[in-house]
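Quick look at entry29.txt (compact mmCIF, C-alpha atoms (C1' of nucleotides)):
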# COMPACT_ATOMS: atom_id res chain seq x y z
CA MET T 25 -39.85 -43.57 86.11
CA SER T 26 -36.95 -44.82 84.02
CA GLU T 27 -38.08 -48.22 82.81
CA LEU T 28 -37.71 -47.21 79.19
CA LEU T 29 -34.15 -46.01 79.59
CA LEU T 30 -33.12 -49.19 81.33
CA LYS T 31 -34.88 -51.19 78.67
CA SER T 32 -33.02 -49.28 75.98
CA ILE T 33 -29.69 -50.00 77.67
CA ARG T 34 -30.50 -53.66 78.19
CA GLU T 35 -31.37 -54.03 74.53
CA LYS T 36 -27.92 -52.87 73.49
CA VAL T 37 -25.54 -54.19 76.12
CA THR T 38 -25.67 -56.89 78.77
CA ALA T 39 -25.50 -55.02 82.04
CA THR T 40 -25.95 -56.13 85.62
CA GLU T 41 -28.70 -54.72 87.77
CA GLU T 42 -26.06 -52.81 89.67
CA GLU T 43 -24.68 -51.22 86.53
CA LEU T 44 -28.16 -50.22 85.47
CA GLN T 45 -28.75 -48.59 88.83
CA ILE T 46 -25.52 -46.63 88.50
CA CYS T 47 -26.64 -45.37 85.10
CA LYS T 48 -30.02 -44.46 86.43
CA SER T 49 -28.51 -42.47 89.26
CA TYR T 50 -26.89 -40.08 86.81
CA PHE T 51 -30.13 -38.92 85.26
CA THR T 52 -32.70 -36.44 86.46
CA GLN T 53 -36.30 -36.32 85.44
CA LYS T 54 -38.09 -33.39 83.90
CA LYS T 55 -41.68 -32.91 82.83
CA LEU T 56 -42.50 -30.70 79.89
CA LYS T 57 -45.85 -29.30 78.91
CA LYS T 58 -46.87 -29.19 75.28
CA ARG T 59 -45.04 -26.33 73.50
CA GLN T 60 -42.50 -26.01 76.30
CA PHE T 61 -38.87 -25.68 75.26
CA LEU T 62 -36.10 -27.98 76.36
CA LEU T 63 -33.54 -25.89 74.48
CA GLN T 64 -33.73 -22.52 72.78
CA GLU T 65 -31.62 -21.16 70.00
CA GLY T 66 -28.65 -19.29 71.42
CA GLU T 67 -28.33 -21.41 74.55
CA VAL T 68 -25.60 -23.97 74.96
CA CYS T 69 -27.01 -27.48 74.90
CA SER T 70 -25.74 -28.75 78.23
CA ARG T 71 -27.57 -32.05 78.45
CA LEU T 72 -28.78 -35.06 76.56
CA ALA T 73 -32.42 -36.01 76.80
CA PHE T 74 -34.03 -39.43 76.70
CA VAL T 75 -37.76 -39.41 76.10
CA GLU T 76 -39.68 -41.51 78.62
CA LYS T 77 -43.09 -40.26 77.61
CA GLY T 78 -44.50 -37.98 74.95
CA ALA T 79 -42.83 -36.50 71.91
CA LEU T 80 -40.39 -33.67 71.22
CA TYR T 81 -38.83 -32.24 68.11
CA SER T 82 -35.87 -30.10 67.16
CA TYR T 83 -35.78 -27.44 64.49
CA THR T 84 -33.84 -24.48 63.17
CA THR T 85 -35.30 -21.18 62.07
CA ASP T 86 -33.90 -19.38 59.04
CA ALA T 87 -33.54 -15.70 58.20
CA LYS T 88 -37.05 -15.52 56.73
CA GLY T 89 -38.57 -17.07 59.82
CA GLY T 90 -38.96 -20.46 58.19
CA GLN T 91 -38.84 -23.50 60.45
CA HIS T 92 -36.87 -26.62 59.51
CA VAL T 93 -37.51 -29.78 61.48
CA ILE T 94 -34.33 -31.70 62.16
CA GLN T 95 -35.61 -34.55 64.27
CA PHE T 96 -38.60 -35.98 66.05
CA ALA T 97 -38.18 -37.98 69.25
CA PHE T 98 -40.76 -40.32 70.72
CA GLU T 99 -40.70 -42.61 73.73
CA GLY T 100 -37.39 -44.44 73.91
CA TRP T 101 -35.52 -42.00 71.67
CA TRP T 102 -32.80 -39.50 72.46
CA ILE T 103 -32.77 -35.86 71.46
CA SER T 104 -30.28 -33.03 71.83
CA ASP T 105 -28.03 -30.78 69.82
CA MET T 106 -24.88 -32.89 69.67
CA TYR T 107 -22.93 -30.15 68.02
CA SER T 108 -23.55 -27.65 70.77
CA PHE T 109 -23.22 -30.32 73.46
CA PHE T 110 -19.72 -31.27 72.37
CA THR T 111 -18.39 -27.90 71.28
CA GLN T 112 -20.11 -25.92 74.04
CA GLU T 113 -21.00 -23.35 71.43
CA PRO T 114 -24.46 -21.78 71.38
CA SER T 115 -27.00 -23.92 69.63
CA ASN T 116 -28.94 -22.86 66.59
CA LEU T 117 -31.59 -25.44 67.34
CA ASN T 118 -34.77 -25.34 69.32
CA ILE T 119 -36.06 -28.41 71.07
CA GLU T 120 -39.71 -28.30 71.97
CA ALA T 121 -42.35 -30.62 73.36
CA LEU T 122 -45.07 -31.65 70.92
CA GLU T 123 -47.09 -33.25 73.70
CA ASN T 124 -46.94 -33.23 77.46
CA SER T 125 -43.76 -35.21 77.98
CA GLU T 126 -41.32 -36.65 80.44
CA VAL T 127 -37.61 -36.75 79.75
CA LEU T 128 -34.56 -38.03 81.56
CA LEU T 129 -31.62 -35.66 81.41
CA ILE T 130 -27.92 -36.16 81.80
CA ASP T 131 -25.66 -33.14 81.73
CA GLN T 132 -22.27 -32.95 80.11
CA GLU T 133 -20.11 -33.51 83.18
CA GLN T 134 -22.20 -36.40 84.35
CA HIS T 135 -22.12 -37.89 80.89
CA TYR T 136 -18.32 -37.82 80.74
CA GLN T 137 -18.05 -39.09 84.28
CA LEU T 138 -20.33 -41.99 83.48
CA LEU T 139 -18.44 -42.76 80.28
CA ALA T 140 -15.26 -42.98 82.35
CA GLU T 141 -16.81 -44.93 85.20
CA LEU T 142 -18.83 -47.47 83.29
CA PRO T 143 -17.47 -49.06 80.10
CA LYS T 144 -20.90 -50.51 79.42
CA TYR T 145 -22.28 -47.01 79.19
CA GLU T 146 -19.67 -46.15 76.62
CA THR T 147 -20.64 -49.21 74.62
CA TYR T 148 -24.29 -48.25 74.89
CA ILE T 149 -23.55 -44.74 73.69
CA ARG T 150 -21.39 -46.04 70.85
CA ILE T 151 -24.23 -48.23 69.65
CA LEU T 152 -26.68 -45.36 69.92
CA TYR T 153 -24.45 -43.27 67.70
CA GLN T 154 -24.07 -46.12 65.28
CA ASN T 155 -27.81 -46.40 64.91
CA ALA T 156 -28.35 -42.67 64.78
CA TYR T 157 -25.71 -42.36 62.11
CA ILE T 158 -27.23 -45.10 60.00
CA ALA T 159 -30.69 -43.57 60.32
CA LEU T 160 -29.41 -40.14 59.32
CA GLN T 161 -27.57 -41.56 56.34
CA ARG T 162 -30.76 -43.12 55.12
CA ARG T 163 -32.45 -39.80 55.50
CA VAL T 164 -29.76 -38.12 53.43
CA GLU T 165 -30.23 -40.78 50.77
CA SER T 166 -33.95 -40.01 50.67
CA THR T 167 -33.48 -36.31 50.68
CA ILE T 168 -31.05 -36.06 47.82
CA GLY T 169 -32.36 -38.90 45.70
CA LEU T 170 -36.13 -38.93 45.92
CA THR T 171 -39.03 -36.73 44.87
CA ALA T 172 -41.20 -35.21 47.57
CA GLU T 173 -43.80 -37.91 47.05
CA GLU T 174 -41.29 -40.72 47.37
CA LYS T 175 -39.84 -39.17 50.51
CA TYR T 176 -43.28 -38.96 52.04
CA ASN T 177 -44.07 -42.57 51.22
CA ARG T 178 -40.78 -43.75 52.63
CA LEU T 179 -41.38 -41.81 55.82
CA LEU T 180 -44.75 -43.49 56.27
CA GLU T 181 -43.19 -46.87 55.68
CA GLN T 182 -40.52 -46.25 58.24
CA TYR T 183 -42.70 -44.57 60.85
CA PRO T 184 -46.29 -45.65 60.22
CA PHE T 185 -47.46 -44.04 63.44
CA ILE T 186 -46.17 -40.62 62.53
CA LEU T 187 -49.43 -39.32 61.08
CA GLN T 188 -51.14 -40.05 64.35
CA ARG T 189 -48.76 -37.92 66.35
CA ILE T 190 -47.20 -35.25 64.17
CA PRO T 191 -49.10 -32.46 62.43
CA LEU T 192 -48.68 -32.39 58.67
CA ASN T 193 -47.01 -29.01 58.59
CA LEU T 194 -44.15 -30.39 60.70
CA ILE T 195 -43.93 -33.49 58.56
CA ALA T 196 -43.69 -31.22 55.53
CA SER T 197 -40.90 -29.27 57.15
CA TYR T 198 -39.10 -32.50 58.04
CA LEU T 199 -39.30 -33.57 54.42
CA GLY T 200 -38.08 -30.18 53.24
CA VAL T 201 -41.26 -29.15 51.39
CA THR T 202 -44.00 -26.63 52.12
CA PRO T 203 -47.26 -27.69 53.78
CA GLU T 204 -49.08 -26.84 50.54
CA THR T 205 -46.92 -29.21 48.56
CA LEU T 206 -47.42 -31.99 51.07
CA SER T 207 -51.15 -31.41 51.01
CA ARG T 208 -51.20 -31.75 47.22
CA ILE T 209 -49.08 -34.85 47.34
CA ARG T 210 -51.47 -36.47 49.77
CA LYS T 211 -54.41 -35.53 47.60
CA GLN T 212 -52.65 -37.06 44.61
CA ILE T 213 -51.91 -40.29 46.49
CA SER T 214 -55.45 -40.68 47.77
CA ARG T 215 -56.78 -40.91 44.20
CA MET F 22 2.09 -46.99 56.15
CA SER F 23 -0.37 -46.16 58.91
CA GLU F 24 0.84 -42.87 60.29
CA LEU F 25 -2.45 -41.17 59.51
CA LEU F 26 -4.53 -43.76 61.32
CA LEU F 27 -2.36 -43.55 64.40
CA LYS F 28 -2.51 -39.78 64.22
CA SER F 29 -6.29 -39.93 64.00
CA ILE F 30 -6.44 -42.15 67.08
CA ARG F 31 -4.00 -40.00 69.04
CA GLU F 32 -6.07 -36.93 68.28
CA LYS F 33 -9.12 -38.43 69.89
CA VAL F 34 -7.84 -40.55 72.79
CA THR F 35 -4.63 -40.71 74.79
CA ALA F 36 -3.16 -44.09 73.95
CA THR F 37 0.17 -45.66 74.75
CA GLU F 38 2.54 -46.67 72.01
CA GLU F 39 1.70 -50.26 72.81
CA GLU F 40 -2.01 -49.70 72.42
CA LEU F 41 -1.42 -47.98 69.11
CA GLN F 42 0.59 -50.94 67.92
CA ILE F 43 -2.20 -53.31 68.90
CA CYS F 44 -4.66 -51.25 66.89
CA LYS F 45 -2.35 -51.14 63.96
CA SER F 46 -1.94 -54.90 63.97
CA TYR F 47 -5.66 -55.37 63.29
CA PHE F 48 -5.61 -53.52 60.00
CA THR F 49 -4.53 -54.62 56.57
CA GLN F 50 -3.47 -52.38 53.77
CA LYS F 51 -4.98 -52.24 50.32
CA LYS F 52 -4.14 -50.18 47.28
CA LEU F 53 -6.85 -49.10 44.90
CA LYS F 54 -6.47 -47.72 41.44
CA LYS F 55 -8.66 -44.87 40.26
CA ARG F 56 -12.18 -46.18 39.47
CA GLN F 57 -11.57 -49.41 41.38
CA PHE F 58 -14.35 -50.53 43.70
CA LEU F 59 -13.95 -51.16 47.39
CA LEU F 60 -17.57 -52.28 47.63
CA GLN F 61 -20.23 -53.00 45.05
CA GLU F 62 -23.97 -52.87 45.39
CA GLY F 63 -25.29 -56.26 46.43
CA GLU F 64 -22.22 -57.30 48.39
CA VAL F 65 -22.20 -57.30 52.16
CA CYS F 66 -19.93 -54.59 53.50
CA SER F 67 -17.59 -56.67 55.61
CA ARG F 68 -15.01 -54.07 56.55
CA LEU F 69 -14.41 -50.49 57.52
CA ALA F 70 -11.92 -48.46 55.52
CA PHE F 71 -9.64 -45.68 56.67
CA VAL F 72 -8.16 -43.60 53.88
CA GLU F 73 -4.39 -43.22 54.15
CA LYS F 74 -3.94 -41.71 50.73
CA GLY F 75 -6.17 -40.62 47.88
CA ALA F 76 -9.92 -40.16 47.81
CA LEU F 77 -12.94 -42.44 47.60
CA TYR F 78 -16.67 -41.88 47.47
CA SER F 79 -19.83 -43.82 48.08
CA TYR F 80 -23.03 -43.61 46.08
CA THR F 81 -26.33 -45.30 45.36
CA THR F 82 -27.87 -45.83 41.97
CA ASP F 83 -31.60 -45.47 41.46
CA ALA F 84 -34.06 -47.22 39.16
CA LYS F 85 -33.41 -44.75 36.34
CA GLY F 86 -29.67 -45.25 36.57
CA GLY F 87 -29.13 -42.00 38.41
CA GLN F 88 -26.20 -41.81 40.78
CA HIS F 89 -26.50 -40.24 44.22
CA VAL F 90 -23.32 -39.43 46.09
CA ILE F 91 -23.59 -40.21 49.78
CA GLN F 92 -20.10 -39.41 50.98
CA PHE F 93 -16.63 -38.42 49.97
CA ALA F 94 -13.59 -39.60 51.93
CA PHE F 95 -10.15 -38.07 51.77
CA GLU F 96 -6.93 -38.80 53.67
CA GLY F 97 -7.70 -39.35 57.34
CA TRP F 98 -11.40 -40.09 56.82
CA TRP F 99 -13.35 -43.31 57.19
CA ILE F 100 -15.72 -44.77 54.67
CA SER F 101 -18.01 -47.81 54.57
CA ASP F 102 -21.64 -48.78 54.50
CA MET F 103 -22.42 -48.87 58.20
CA TYR F 104 -25.87 -50.22 57.60
CA SER F 105 -24.65 -53.26 55.74
CA PHE F 106 -21.67 -53.66 58.05
CA PHE F 107 -23.85 -53.97 61.14
CA THR F 108 -26.82 -55.80 59.73
CA GLN F 109 -24.82 -58.03 57.39
CA GLU F 110 -27.42 -57.38 54.75
CA PRO F 111 -26.39 -56.69 51.16
CA SER F 112 -25.38 -53.12 50.59
CA ASN F 113 -27.10 -50.78 48.16
CA LEU F 114 -24.01 -48.60 48.06
CA ASN F 115 -20.97 -48.56 45.85
CA ILE F 116 -17.65 -47.38 47.18
CA GLU F 117 -15.17 -46.40 44.53
CA ALA F 118 -11.75 -44.78 44.32
CA LEU F 119 -11.66 -41.31 42.80
CA GLU F 120 -7.88 -41.35 42.68
CA ASN F 121 -5.22 -43.97 43.14
CA SER F 122 -5.59 -44.60 46.85
CA GLU F 123 -4.39 -46.54 49.85
CA VAL F 124 -6.76 -47.68 52.54
CA LEU F 125 -6.44 -49.55 55.81
CA LEU F 126 -9.12 -52.14 56.34
CA ILE F 127 -10.53 -53.79 59.42
CA ASP F 128 -13.10 -56.51 59.01
CA GLN F 129 -16.11 -57.06 61.18
CA GLU F 130 -14.75 -59.78 63.43
CA GLN F 131 -11.51 -57.96 63.99
CA HIS F 132 -13.42 -54.79 64.71
CA TYR F 133 -15.52 -56.44 67.40
CA GLN F 134 -12.51 -58.21 68.82
CA LEU F 135 -10.60 -54.96 69.05
CA LEU F 136 -13.58 -53.19 70.63
CA ALA F 137 -13.62 -55.88 73.29
CA GLU F 138 -9.86 -56.00 73.76
CA LEU F 139 -9.07 -52.31 73.83
CA PRO F 140 -11.40 -49.85 75.58
CA LYS F 141 -9.46 -47.00 74.00
CA TYR F 142 -10.49 -48.26 70.60
CA GLU F 143 -14.10 -48.19 71.66
CA THR F 144 -13.69 -44.62 72.83
CA TYR F 145 -12.05 -43.73 69.56
CA ILE F 146 -14.88 -45.26 67.60
CA ARG F 147 -17.47 -43.58 69.76
CA ILE F 148 -15.90 -40.21 69.07
CA LEU F 149 -15.74 -40.95 65.36
CA TYR F 150 -19.44 -41.67 65.34
CA GLN F 151 -20.11 -38.55 67.31
CA ASN F 152 -18.33 -36.45 64.74
CA ALA F 153 -19.82 -38.28 61.83
CA TYR F 154 -23.28 -37.86 63.27
CA ILE F 155 -22.80 -34.15 63.81
CA ALA F 156 -21.48 -33.70 60.27
CA LEU F 157 -24.42 -35.60 58.81
CA GLN F 158 -26.88 -33.59 60.80
CA ARG F 159 -25.43 -30.39 59.42
CA ARG F 160 -25.79 -31.84 55.99
CA VAL F 161 -29.44 -32.62 56.60
CA GLU F 162 -29.95 -29.06 57.81
CA SER F 163 -28.44 -27.77 54.57
CA THR F 164 -30.36 -30.14 52.41
CA ILE F 165 -33.81 -29.43 53.73
CA GLY F 166 -33.39 -25.74 54.48
CA LEU F 167 -31.27 -24.19 51.77
CA THR F 168 -31.53 -23.44 48.08
CA ALA F 169 -29.13 -25.17 45.74
CA GLU F 170 -26.95 -22.08 45.62
CA GLU F 171 -26.74 -21.81 49.39
CA LYS F 172 -25.91 -25.48 49.69
CA TYR F 173 -23.11 -25.10 47.19
CA ASN F 174 -21.68 -22.08 48.99
CA ARG F 175 -21.82 -23.83 52.32
CA LEU F 176 -20.06 -26.85 50.88
CA LEU F 177 -17.24 -24.66 49.60
CA GLU F 178 -16.96 -22.98 52.98
CA GLN F 179 -16.74 -26.30 54.74
CA TYR F 180 -14.46 -28.05 52.27
CA PRO F 181 -12.59 -25.37 50.33
CA PHE F 182 -10.35 -27.94 48.70
CA ILE F 183 -13.23 -29.92 47.25
CA LEU F 184 -13.19 -28.23 43.84
CA GLN F 185 -9.58 -29.25 43.40
CA ARG F 186 -10.31 -32.90 43.91
CA ILE F 187 -13.89 -33.71 43.03
CA PRO F 188 -15.45 -33.30 39.59
CA LEU F 189 -18.44 -31.00 39.46
CA ASN F 190 -20.87 -33.67 38.37
CA LEU F 191 -20.19 -35.56 41.61
CA ILE F 192 -20.47 -32.40 43.66
CA ALA F 193 -23.82 -31.78 41.98
CA SER F 194 -24.94 -35.28 42.87
CA TYR F 195 -23.77 -34.80 46.45
CA LEU F 196 -25.85 -31.63 46.67
CA GLY F 197 -28.85 -33.35 45.15
CA VAL F 198 -29.02 -31.28 41.95
CA THR F 199 -28.22 -32.00 38.32
CA PRO F 200 -24.85 -31.05 36.81
CA GLU F 201 -26.65 -28.54 34.59
CA THR F 202 -28.15 -26.77 37.57
CA LEU F 203 -24.81 -26.63 39.35
CA SER F 204 -23.20 -25.28 36.22
CA ARG F 205 -25.75 -22.48 36.05
CA ILE F 206 -25.38 -21.68 39.72
CA ARG F 207 -21.64 -21.33 39.31
CA LYS F 208 -22.11 -19.07 36.32
CA GLN F 209 -24.51 -16.96 38.34
CA ILE F 210 -22.08 -16.67 41.25
CA SER F 211 -19.16 -15.72 39.05
CA ARG F 212 -20.99 -12.59 37.94
C1' DA E 13 -1.91 -37.41 14.51
C1' DA E 14 -6.44 -39.09 15.01
C1' DA E 15 -9.96 -40.91 17.70
C1' DT E 16 -12.27 -41.43 21.93
C1' DG E 17 -14.52 -40.36 26.10
C1' DG E 18 -15.26 -37.65 30.20
C1' DA E 19 -16.26 -33.23 32.19
C1' DC E 20 -18.51 -29.24 31.58
C1' DT E 21 -21.52 -25.71 29.50
C1' DT E 22 -25.45 -23.75 27.08
C1' DG E 23 -30.16 -23.23 25.20
C1' DA E 24 -35.02 -24.41 24.82
C1' DC E 25 -38.55 -26.28 27.08
C1' DA E 26 -41.09 -29.20 30.72
C1' DT E 27 -41.98 -30.23 35.36
C1' DT E 28 -41.87 -29.63 40.12
C1' DT E 29 -42.22 -26.93 43.94
C1' DA E 30 -42.82 -22.40 46.26
C1' DT E 31 -45.44 -18.36 47.18
C1' DC E 32 -49.40 -15.72 48.15
C1' DA E 33 -54.09 -15.25 49.17
C1' DA E 34 -58.30 -17.13 50.58
C1' DG E 35 -61.26 -20.11 52.99
C1' DC E 36 -62.77 -24.27 55.84
C1' DC E 37 -63.05 -26.81 60.05
C1' DA E 38 -62.43 -28.29 64.83
C1' DG E 39 -60.95 -27.41 69.20
C1' DT E 40 -59.73 -24.00 72.56
C1' DT E 41 -60.39 -19.61 74.80
C1' DA E 42 -62.79 -15.52 76.19
C1' DT Y 10 -72.21 -18.51 72.67
C1' DA Y 11 -68.90 -16.09 70.08
C1' DA Y 12 -64.35 -15.28 68.70
C1' DC Y 13 -60.05 -17.06 67.79
C1' DT Y 14 -56.37 -19.97 66.54
C1' DG Y 15 -53.91 -23.70 64.43
C1' DG Y 16 -53.96 -27.08 61.04
C1' DC Y 17 -55.17 -28.02 56.62
C1' DT Y 18 -56.70 -27.35 51.80
C1' DT Y 19 -57.28 -25.07 47.29
C1' DG Y 20 -56.39 -22.03 43.34
C1' DA Y 21 -53.61 -18.89 40.64
C1' DT Y 22 -49.20 -17.62 39.57
C1' DA Y 23 -44.08 -17.34 40.03
C1' DA Y 24 -39.66 -19.31 40.65
C1' DA Y 25 -36.52 -23.05 40.84
C1' DT Y 26 -34.90 -27.05 39.02
C1' DG Y 27 -34.96 -30.96 35.73
C1' DT Y 28 -34.69 -32.89 31.03
C1' DC Y 29 -33.06 -33.31 26.50
C1' DA Y 30 -30.02 -32.19 22.89
C1' DA Y 31 -26.02 -30.12 21.21
C1' DG Y 32 -21.45 -28.63 21.36
C1' DT Y 33 -16.68 -27.34 23.40
C1' DC Y 34 -12.53 -28.51 25.63
C1' DC Y 35 -9.02 -31.40 27.24
C1' DA Y 36 -6.70 -35.49 28.57
C1' DT Y 37 -5.94 -40.27 27.36
C1' DT Y 38 -5.74 -43.96 24.19
C1' DT Y 39 -4.76 -45.87 19.78
For the structure just supplied, provide its representation as structure tokens.
Amino acid sequence: MSELLLKSIREKVTATEEELQICKSYFTQKKLKKRQFLLQEGEVCSRLAFVEKGALYSYTTDAKGGQHVIQFAFEGWWISDMYSFFTQEPSNLNIEALENSEVLLIDQEQHYQLLAELPKYETYIRILYQNAYIALQRRVESTIGLTAEEKYNRLLEQYPFILQRIPLNLIASYLGVTPETLSRIRKQISR
Amino acid sequence: MSELLLKSIREKVTATEEELQICKSYFTQKKLKKRQFLLQEGEVCSRLAFVEKGALYSYTTDAKGGQHVIQFAFEGWWISDMYSFFTQEPSNLNIEALENSEVLLIDQEQHYQLLAELPKYETYIRILYQNAYIALQRRVESTIGLTAEEKYNRLLEQYPFILQRIPLNLIASYLGVTPETLSRIRKQISR
DNA sequence: AAATGGACTTGACATTTATCAAGCCAGTTA
DNA sequence: TAACTGGCTTGATAAATGTCAAGTCCATTT
């Protein structure tokens, strides 16, 4: 049930089987049905989630009811609201399953305990942040520097599978444009 | 010459004086004049920089010669191209001094050595990434969800001092709008 | 003192994107 | 089977933002 997590750890640090088992013991499994929430706006985000199966996404909602997709997470990815997790303030994000999914959860206390107990875990987490930071920075570069069409093309380059798993209206939201605009862009490209 | 760095470390981890001195010994100092580059597009980013004094910023340039500001860094902040630093691929970023500045530099090998030698340093770095990641995520939220005016207001809220130190054309670039648009937004607000 | 260049603003106009309203289609639900 | 819903597209129009060109102001250089 946690092969992917262990694989993710092994990819980033060299850990013994024993260390991997210790890590594993800190996580609990949860199944989510499509459209089920892992976190709702207003709650404190008390745990980090690793996706073993399926796909989730996080988003904010604005005053006019508009939805803004912050992140997608597929198998092998992490998702949470870091801000709320670390400050313990209520989150303004929703995290929801896009498909029937399975996640592994670690709550705050366990996370800190594991960081203290297992230096390898800290290294793993550091590397995760590194990668997440780099990915986000590239997204910022796209967002401020490119037209909607260029952003869309770059997204497809980076995540070619995304069209197969994410509805276009959510992709539009992720790119910061309306579904209508994305639809017209796609029409434009196809000619 | 490195009080700020040590302060930054002490804020995030509890370290002994000895550990702090070890950290310190890994860094070298460099002074930069206004407009001087710390990194130029095409070079590999071989070191991380901590700003002791002054202000720097990083930016990309696009095909049409347009400049896109990725990050500002003031006293007590870090700046580098993480992507290039970790992949050792040539950077597409420039890092330049906005004012006469002093930075502390640690190069890649030293960084890895220090990570291995001093667990506290790893914890420090992990927390830095955490914070950097959270800050970037908030920026993405702004960028995809807000109008130019809202983005500008939020920036002022978050960094009230920014107008005193950063020219408006760079703020415009950071927000992803043209200087003309920012100028009009400010006119609008002032009425 | 004059010349230069950078930062900023303004106006006219072009382009991009959003908004609103309508309709299509496929898959789910009653 | 019929109704419904979500996802997607299209058209008409409005709003936001970009582009280009000009000009002011101020600090720095000569």
Which residues of chain F have any atom within 9 Å of an atom in chain E when counting all atoms listed in the file, and what is the closest pair of atoms for each, with the distance in Å to one decimal? Order the rows by chain and rising number and write it as a tab-separated table.
residue	atom	partner	partner_atom	distance
F:Pro188	CA	E:DA19	C1'	7.4
F:Leu189	CA	E:DA19	C1'	7.9
F:Asn190	CA	E:DA19	C1'	7.7
F:Pro200	CA	E:DC20	C1'	8.4
F:Glu201	CA	E:DT21	C1'	7.8
F:Ser204	CA	E:DT21	C1'	6.9
F:Arg205	CA	E:DT21	C1'	8.4
Given a cut-off of 8 Å, which residues of chain Y touch chain T, counting all atoms listed in the file, written out as a PyMOL selection string?
chain Y and resi 16-18
Show me the residues around (-19.9, -34.0, 82.1) - criterion: an atom at most 12 Å away, all atoms listed in the file counted - as a VMD selection string.
chain T and resid 50 to 51 70 to 72 109 to 110 112 129 to 141
Determine, counting all atoms listed in the file, which protein, DNA and RNA residues have an atom within 7 Å of an atom of stretch 33-36 of chain F; residues of the same chain fewer than 3 positions away are not included. Present the result as a ChimeraX atom specification.
/F:29-30,40-41,141,145
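Near chain F, within 6 Å and using only C-alpha atoms, the residues of chain T are Tyr107, Arg150, Tyr153, Tyr157, Ile158, Ile168 and Gly200 of chain T.
Put simply, atom C1' of Y:DT26 is 24.3 Å away from atom CA of F:Ser79.
Comparing F:Leu203, F:Cys44, F:Ile116, F:Leu184 by their smallest distance to F:Thr168, the closest is F:Leu203 (using all atoms listed in the file).
Coordinates place atom CA of F:Glu64 at a distance of 27.9 Å from atom CA of F:Thr199.
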